[in-house]
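Only one structure is covered here, and it is reproduced in the block below.
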Amino acid sequence: MPPPAPRRRPVKTYLRAAAAVVVVIFMAVGWWASRDDAETAAVGDCLKSASSSSDRMEVVDCSSSEAQSKVIKKIDGHFTQFTAETECRKVEGATGFYAETGKGDEFLLCTKDA
């Protein structure tokens with residue numbers, strides 16, 4: 001009696017595994033790209049514009065020539081342009097602000113020139 005033929009795995013099994021690997025890679029790239037986003041900023045961190053065409057900020061080393069502002073207060077919550085400006089006017093030394101709203105964490109960073 002001949003030995004039984006080896007079982008072949010269906011193509012769907014390989015496709016599912018490949019899709020899972022792609023998802024993990026995209027998640028890792030997303031995490032890596034966002035690790036310097038403003039939401040990770042703390043008091044004492046410095047910020048720069050993410051790009052000239054964006055209003056997004058990212059954390060940079062304060063000794064970097066790219067540093068544009070320094071966080072002097074971080075407040076959780078939703079802020080409009082008006083309420084953010086009003087709130088940061090109360091913070092001694094603040095010359096600017098950055099408010100993140102709409103997706104994920106909502107917060108306000110009161111800043112001064114770096």
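By order in the structure tokens, chains are A, B, ...; within a chain, residues start at 1; ligands start at 1, following the order shown.
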
| request: Name all residues at most 10 Å from Ala99 in chain A (count only C-alpha atoms; drop same-chain ones fewer than 5 positions away) and give them as an MDAnalysis selection string. | output: chainID A and resid 38:39 56:57 74:81 83:85 106:110

Could those residues be written to a file, using C-alpha atoms, as a compact mmCIF listing (two decimals), in the first residue's frame?
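Dumped everything to selection-v3.txt:
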```txt
# COMPACT_ATOMS: atom_id res chain seq x y z
CA ALA A 38 2.34 66.32 19.99
CA GLU A 39 0.17 63.98 22.08
CA ARG A 56 0.49 69.45 13.26
CA MET A 57 3.36 69.61 15.73
CA LYS A 74 -0.43 70.72 29.17
CA ILE A 75 -4.18 70.63 29.83
CA ASP A 76 -6.46 67.73 28.91
CA GLY A 77 -9.81 68.51 27.31
CA HIS A 78 -11.49 69.97 24.24
CA PHE A 79 -10.56 73.53 23.27
CA THR A 80 -11.64 75.80 20.45
CA GLN A 81 -9.32 78.44 19.00
CA THR A 83 -10.91 78.92 24.52
CA ALA A 84 -7.34 77.69 23.89
CA GLU A 85 -6.04 81.23 23.50
CA GLU A 106 -7.87 66.05 23.16
CA PHE A 107 -5.51 68.48 24.88
CA LEU A 108 -4.01 71.94 24.90
CA LEU A 109 -0.31 72.78 25.01
CA CYS A 110 0.61 76.28 26.19
```

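The shell of residues at most 6 Å from Gln68 in chain A, with only C-alpha atoms counted and near chain neighbours (fewer than 5 positions) removed, consists of Leu47, Lys48 and Ala114 of chain A.
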
Create the file for the chosen residues now, containing C-alpha atoms and written as a PDB file, in the first residue's frame.
```
ATOM      1  CA  LEU A  47       8.023  71.238  19.390  1.00  0.00           C
ATOM      2  CA  LYS A  48       8.335  71.969  15.686  1.00  0.00           C
ATOM      3  CA  ALA A 114      12.224  77.838  22.309  1.00  0.00           C
TER       4      ALA A 114
END
```

| Any idea what's packed within 12 Å of Asp37 in chain A, counting only C-alpha atoms, ignoring anything in its chain fewer than 4 positions away? Could you give it as a PyMOL selection string? | chain A and resi 30-33+41-42+45-50+55-60+98+100+104-105

| message | Please report the interatomic distance between CA of Thr95 in chain A and CA of Thr111 in chain A in Å with one decimal. | response |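 Distance between the two atoms: 6.0 Å.
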
| request: Show which residues sit within 10 Å of Gly93 in chain A, as a PyMOL selection string. Count only C-alpha atoms, and ignore same-chain residues fewer than 2 positions away. | output: chain A and resi 72+88-91+95-96+110-113

| In Å, with one decimal, what is the gap from CA of Ala67 in chain A to CA of Thr101 in chain A? |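 Atom-to-atom, CA of Ala67 in chain A and CA of Thr101 in chain A are spaced 22.6 Å apart.
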
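Reported to one decimal place, the separation of CA of Ser69 in chain A from CA of Gly44 in chain A is 9.9 Å.
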